[in-house]
Amino acid sequence: MKKAPKSLRLQIGLFGRMNVGKSSFLNLVTGQDVAITSPVPGTTTDVVEKTMELLPVGPVVFLDTAGLDDVSTLSELRIRKTKKIFDRSDVIVLVVEPNVWNEYEDGIVEEARSRNTPFIIVVNKTDLARVRDEFVDKIRSKTERFILCSSTDLNGRNNYVNPLKQYLIEVCPPDFLKPPPLIGDLVSQKGTALLIVPIDMEAPKGRIILPQVQTIRDALDNDAAALVVKENGYALLLDNLKKRPDIVVCDSQVVLKMVKETPGDIKCTTFSILFARNRGNLVEAARSAAVIDTLKPGDKVLIAESCSHHPIEDDIGRVKMPGWLRQHVGGELDIDVCAGRDYPGDLSGYKLVIHCGGCMITRRETLFRYQKAKRDGVAVTNYGVCISFLQGVLERVLSPFPDALDAYREAKAVTV
């Protein structure tokens, strides 16, 4: 992979009223004409995404939003999309004009604070109006991290970009600077991770899917070896190894076969469960798996995918898993599927949310989705956890994660 995927980048949301210069500021920071700029209010009609290497911060993606005070014909749709960017943003940059502060700015600050999302204020257009001292005091009462900026002052670019970088480093979420482990802590130095990778129609031609790529990379980053095999060659490869692997990881759809062919003294799990820990909350996903036993015919279940791949005839999330759930329940369930970023705002009608591994979105966004479910009193689990539960092997594949296994056992004891 030549570039870090968006899901691994620091997500920086640019917010503000229409025509305060959000797009001009983005162009200044990137040094490119990324976004169309115009004095006409409402020029930015949809979210503009720009990925870049903002050294020394690292890989980032800027999310330039439409103004929250948009009153045009399509304003409701635009504002709805803009508000969704709060879910994605690791850091919020609020762009304002000199000496102008009203309910829109207060609303963005309060939204950031309610989410514990760090924010930086950029006072733009300082070339058009002098920033009064009392306005600076007002900004400072909101945050000490603010920049007085003129986006048209290209020669002074470093005077604005350098403090932005410093502030970003200061407020970078810990899980961006030091993300939770994927597999590195499960393999010894110079040890081996054996990865079972089915090649199906959803694997892009000539490549393997992102979770498998990232697992291989994480093993190599931790000075371990990664052996890759298809499911039909796993048993033979395992028999031929002189030294047993530290852990075996498989695609969820072959978890039952993997568990049957893996000796009990070898740790094993699935790619989706690895990502439940790395991107989301594995303990919560394991605890919520016990809810599956309480499902009854007619209950509503949401299957949430973070990507928007074209589903195949035997799709794991849309066909196989719903079929296993219905078989387990002994009747029909009311199953909805959402894909990409079309995550419902209200989950209260569902009994259970089953979320994918989340390899295409950030940890922050995945955790926010988990939190949305928890807020609405809905259990939320993960593809790999759910499938392993339905196959009767969940305790086996949770064994590398004692906290998650304990949470599952405690929740299961309550539902029995």
# chains A, B, ... in the order shown; residues from 1 in each chain; ligands from 1
>>> residues_around(residues="A:Asp153", least_positions_apart="3", cutoff="9 Å", atoms="only C-alpha atoms", output="ChimeraX atom specification")
/A:28,127,149-150,156-157
>>> select_by_dssp(residues="stretch 85-129 of chain A", states="strand (DSSP E)", output="list in words")
Val91, Ile92, Val93, Leu94, Val95, Val96, Phe119, Ile120, Ile121, Val122 and Val123 of chain A
>>> residues_around(residues="A:Pro402", least_positions_apart="5", cutoff="12 Å", atoms="only C-alpha atoms", output="list in words")
Lys267, Leu282, Val283, Ala286, Glu395, Arg396, Val397, Ala407, Tyr408 and Arg409 of chain A
>>> residues_around(residues="stretch 138-147 of chain A", least_positions_apart="2", cutoff="8 Å", atoms="only C-alpha atoms", output="list in words")
Val109, Phe119, Ile120, Ile121, Val122, Val123, Glu134, Phe135, Val136, Cys149, Tyr160, Pro163, Leu164 and Tyr167 of chain A
>>> residues_around(residues="stretch 222-237 of chain A", least_positions_apart="6", cutoff="7 Å", atoms="only C-alpha atoms", output="ChimeraX atom specification")
/A:184,187-198,216,261
>>> select_by_dssp(residues="stretch 3-145 of chain A", states="helix (DSSP H, G or I)", output="PyMOL selection string")
chain A and resi 6-8+22-30+75-88+103-114+133-142
>>> write_last_selection(atoms="C-alpha atoms", output="PDB file, in the first residue's frame")
ATOM      1  CA  LYS A   6      -8.158   7.309   5.584  1.00  0.00           C
ATOM      2  CA  SER A   7      -9.158   5.213   8.573  1.00  0.00           C
ATOM      3  CA  LEU A   8      -5.584   5.431   9.922  1.00  0.00           C
ATOM      4  CA  LYS A  22     -12.926  27.463   5.666  1.00  0.00           C
ATOM      5  CA  SER A  23     -12.035  26.393   2.136  1.00  0.00           C
ATOM      6  CA  SER A  24      -9.469  29.192   1.770  1.00  0.00           C
ATOM      7  CA  PHE A  25      -7.852  28.092   5.019  1.00  0.00           C
ATOM      8  CA  LEU A  26      -7.765  24.479   3.792  1.00  0.00           C
ATOM      9  CA  ASN A  27      -6.076  25.611   0.568  1.00  0.00           C
ATOM     10  CA  LEU A  28      -3.542  27.602   2.592  1.00  0.00           C
ATOM     11  CA  VAL A  29      -2.661  24.651   4.832  1.00  0.00           C
ATOM     12  CA  THR A  30      -2.371  22.162   1.996  1.00  0.00           C
ATOM     13  CA  SER A  75     -29.680  23.456   3.522  1.00  0.00           C
ATOM     14  CA  GLU A  76     -31.251  20.689   5.611  1.00  0.00           C
ATOM     15  CA  LEU A  77     -29.446  17.957   3.662  1.00  0.00           C
ATOM     16  CA  ARG A  78     -26.146  19.851   3.732  1.00  0.00           C
ATOM     17  CA  ILE A  79     -26.331  20.579   7.453  1.00  0.00           C
ATOM     18  CA  ARG A  80     -27.213  16.942   8.162  1.00  0.00           C
ATOM     19  CA  LYS A  81     -24.063  15.843   6.313  1.00  0.00           C
ATOM     20  CA  THR A  82     -22.011  18.495   8.082  1.00  0.00           C
ATOM     21  CA  LYS A  83     -23.204  17.346  11.512  1.00  0.00           C
ATOM     22  CA  LYS A  84     -22.171  13.761  10.698  1.00  0.00           C
ATOM     23  CA  ILE A  85     -18.592  15.007  10.455  1.00  0.00           C
ATOM     24  CA  PHE A  86     -18.680  15.533  14.235  1.00  0.00           C
ATOM     25  CA  ASP A  87     -18.805  11.719  14.475  1.00  0.00           C
ATOM     26  CA  ARG A  88     -15.625  11.374  12.442  1.00  0.00           C
ATOM     27  CA  GLU A 103     -25.008  31.044  18.351  1.00  0.00           C
ATOM     28  CA  TYR A 104     -23.424  29.046  15.521  1.00  0.00           C
ATOM     29  CA  GLU A 105     -19.955  29.307  17.016  1.00  0.00           C
ATOM     30  CA  ASP A 106     -21.277  28.596  20.513  1.00  0.00           C
ATOM     31  CA  GLY A 107     -23.088  25.532  19.154  1.00  0.00           C
ATOM     32  CA  ILE A 108     -19.935  24.089  17.610  1.00  0.00           C
ATOM     33  CA  VAL A 109     -17.903  24.663  20.779  1.00  0.00           C
ATOM     34  CA  GLU A 110     -20.597  23.053  22.934  1.00  0.00           C
ATOM     35  CA  GLU A 111     -20.866  20.094  20.555  1.00  0.00           C
ATOM     36  CA  ALA A 112     -17.091  19.596  20.692  1.00  0.00           C
ATOM     37  CA  ARG A 113     -17.076  19.799  24.482  1.00  0.00           C
ATOM     38  CA  SER A 114     -19.986  17.367  24.827  1.00  0.00           C
ATOM     39  CA  ASP A 133      -8.724  43.041  21.972  1.00  0.00           C
ATOM     40  CA  GLU A 134     -12.052  42.147  23.568  1.00  0.00           C
ATOM     41  CA  PHE A 135     -12.687  39.618  20.812  1.00  0.00           C
ATOM     42  CA  VAL A 136      -9.296  37.995  21.479  1.00  0.00           C
ATOM     43  CA  ASP A 137     -10.257  37.807  25.150  1.00  0.00           C
ATOM     44  CA  LYS A 138     -13.530  36.134  24.193  1.00  0.00           C
ATOM     45  CA  ILE A 139     -11.696  33.562  22.060  1.00  0.00           C
ATOM     46  CA  ARG A 140      -9.179  32.964  24.832  1.00  0.00           C
ATOM     47  CA  SER A 141     -12.034  32.265  27.239  1.00  0.00           C
ATOM     48  CA  LYS A 142     -13.013  29.351  24.962  1.00  0.00           C
TER      49      LYS A 142
END
>>> residues_around(residues="A:Leu63", least_positions_apart="5", cutoff="6 Å", atoms="only C-alpha atoms", output="PDB file with C-alpha atoms, in the first residue's frame")
ATOM      1  CA  ILE A  12      -9.617  17.105  11.212  1.00  0.00           C
ATOM      2  CA  GLY A  13     -13.076  18.643  10.796  1.00  0.00           C
ATOM      3  CA  LEU A  14     -13.266  22.245   9.523  1.00  0.00           C
ATOM      4  CA  VAL A  48     -14.543  18.087   0.787  1.00  0.00           C
ATOM      5  CA  GLU A  49     -11.929  15.544   1.943  1.00  0.00           C
TER       6      GLU A  49
END
>>> closest_residue(among="A:Val380, A:Ala289, A:Ala66, A:Arg17", to="A:Asn102", atoms="only C-alpha atoms")
A:Arg17
>>> residues_around(residues="A:Arg277", least_positions_apart="4", cutoff="8 Å", atoms="only C-alpha atoms", output="number ranges by chain")
A: 180-182, 273, 281-283
>>> write_last_selection(atoms="N, CA and C atoms", output="PDB file, in the first residue's frame")
ATOM      1  N   PRO A 180      -4.203   1.208  19.755  1.00  0.00           N
ATOM      2  CA  PRO A 180      -4.288  -0.088  20.434  1.00  0.00           C
ATOM      3  C   PRO A 180      -3.672  -1.170  19.570  1.00  0.00           C
ATOM      4  N   PRO A 181      -3.128  -2.211  20.170  1.00  0.00           N
ATOM      5  CA  PRO A 181      -2.464  -3.252  19.378  1.00  0.00           C
ATOM      6  C   PRO A 181      -3.444  -3.994  18.480  1.00  0.00           C
ATOM      7  N   LEU A 182      -2.938  -4.452  17.359  1.00  0.00           N
ATOM      8  CA  LEU A 182      -3.730  -5.304  16.473  1.00  0.00           C
ATOM      9  C   LEU A 182      -3.375  -6.758  16.755  1.00  0.00           C
ATOM     10  N   ILE A 273     -12.336 -10.057  15.136  1.00  0.00           N
ATOM     11  CA  ILE A 273     -12.172  -9.872  16.584  1.00  0.00           C
ATOM     12  C   ILE A 273     -10.928  -9.038  16.877  1.00  0.00           C
ATOM     13  N   ASN A 281     -14.481  -1.707  20.805  1.00  0.00           N
ATOM     14  CA  ASN A 281     -14.457  -2.086  22.211  1.00  0.00           C
ATOM     15  C   ASN A 281     -14.771  -3.578  22.295  1.00  0.00           C
ATOM     16  N   LEU A 282     -13.740  -4.403  22.326  1.00  0.00           N
ATOM     17  CA  LEU A 282     -13.932  -5.849  22.303  1.00  0.00           C
ATOM     18  C   LEU A 282     -14.649  -6.330  23.555  1.00  0.00           C
ATOM     19  N   VAL A 283     -14.365  -5.734  24.700  1.00  0.00           N
ATOM     20  CA  VAL A 283     -15.031  -6.152  25.939  1.00  0.00           C
ATOM     21  C   VAL A 283     -16.542  -5.944  25.817  1.00  0.00           C
TER      22      VAL A 283
END
>>> atom_distance(atom1="atom CA of A:Cys359", atom2="atom CA of A:Cys307")
8.2 Å
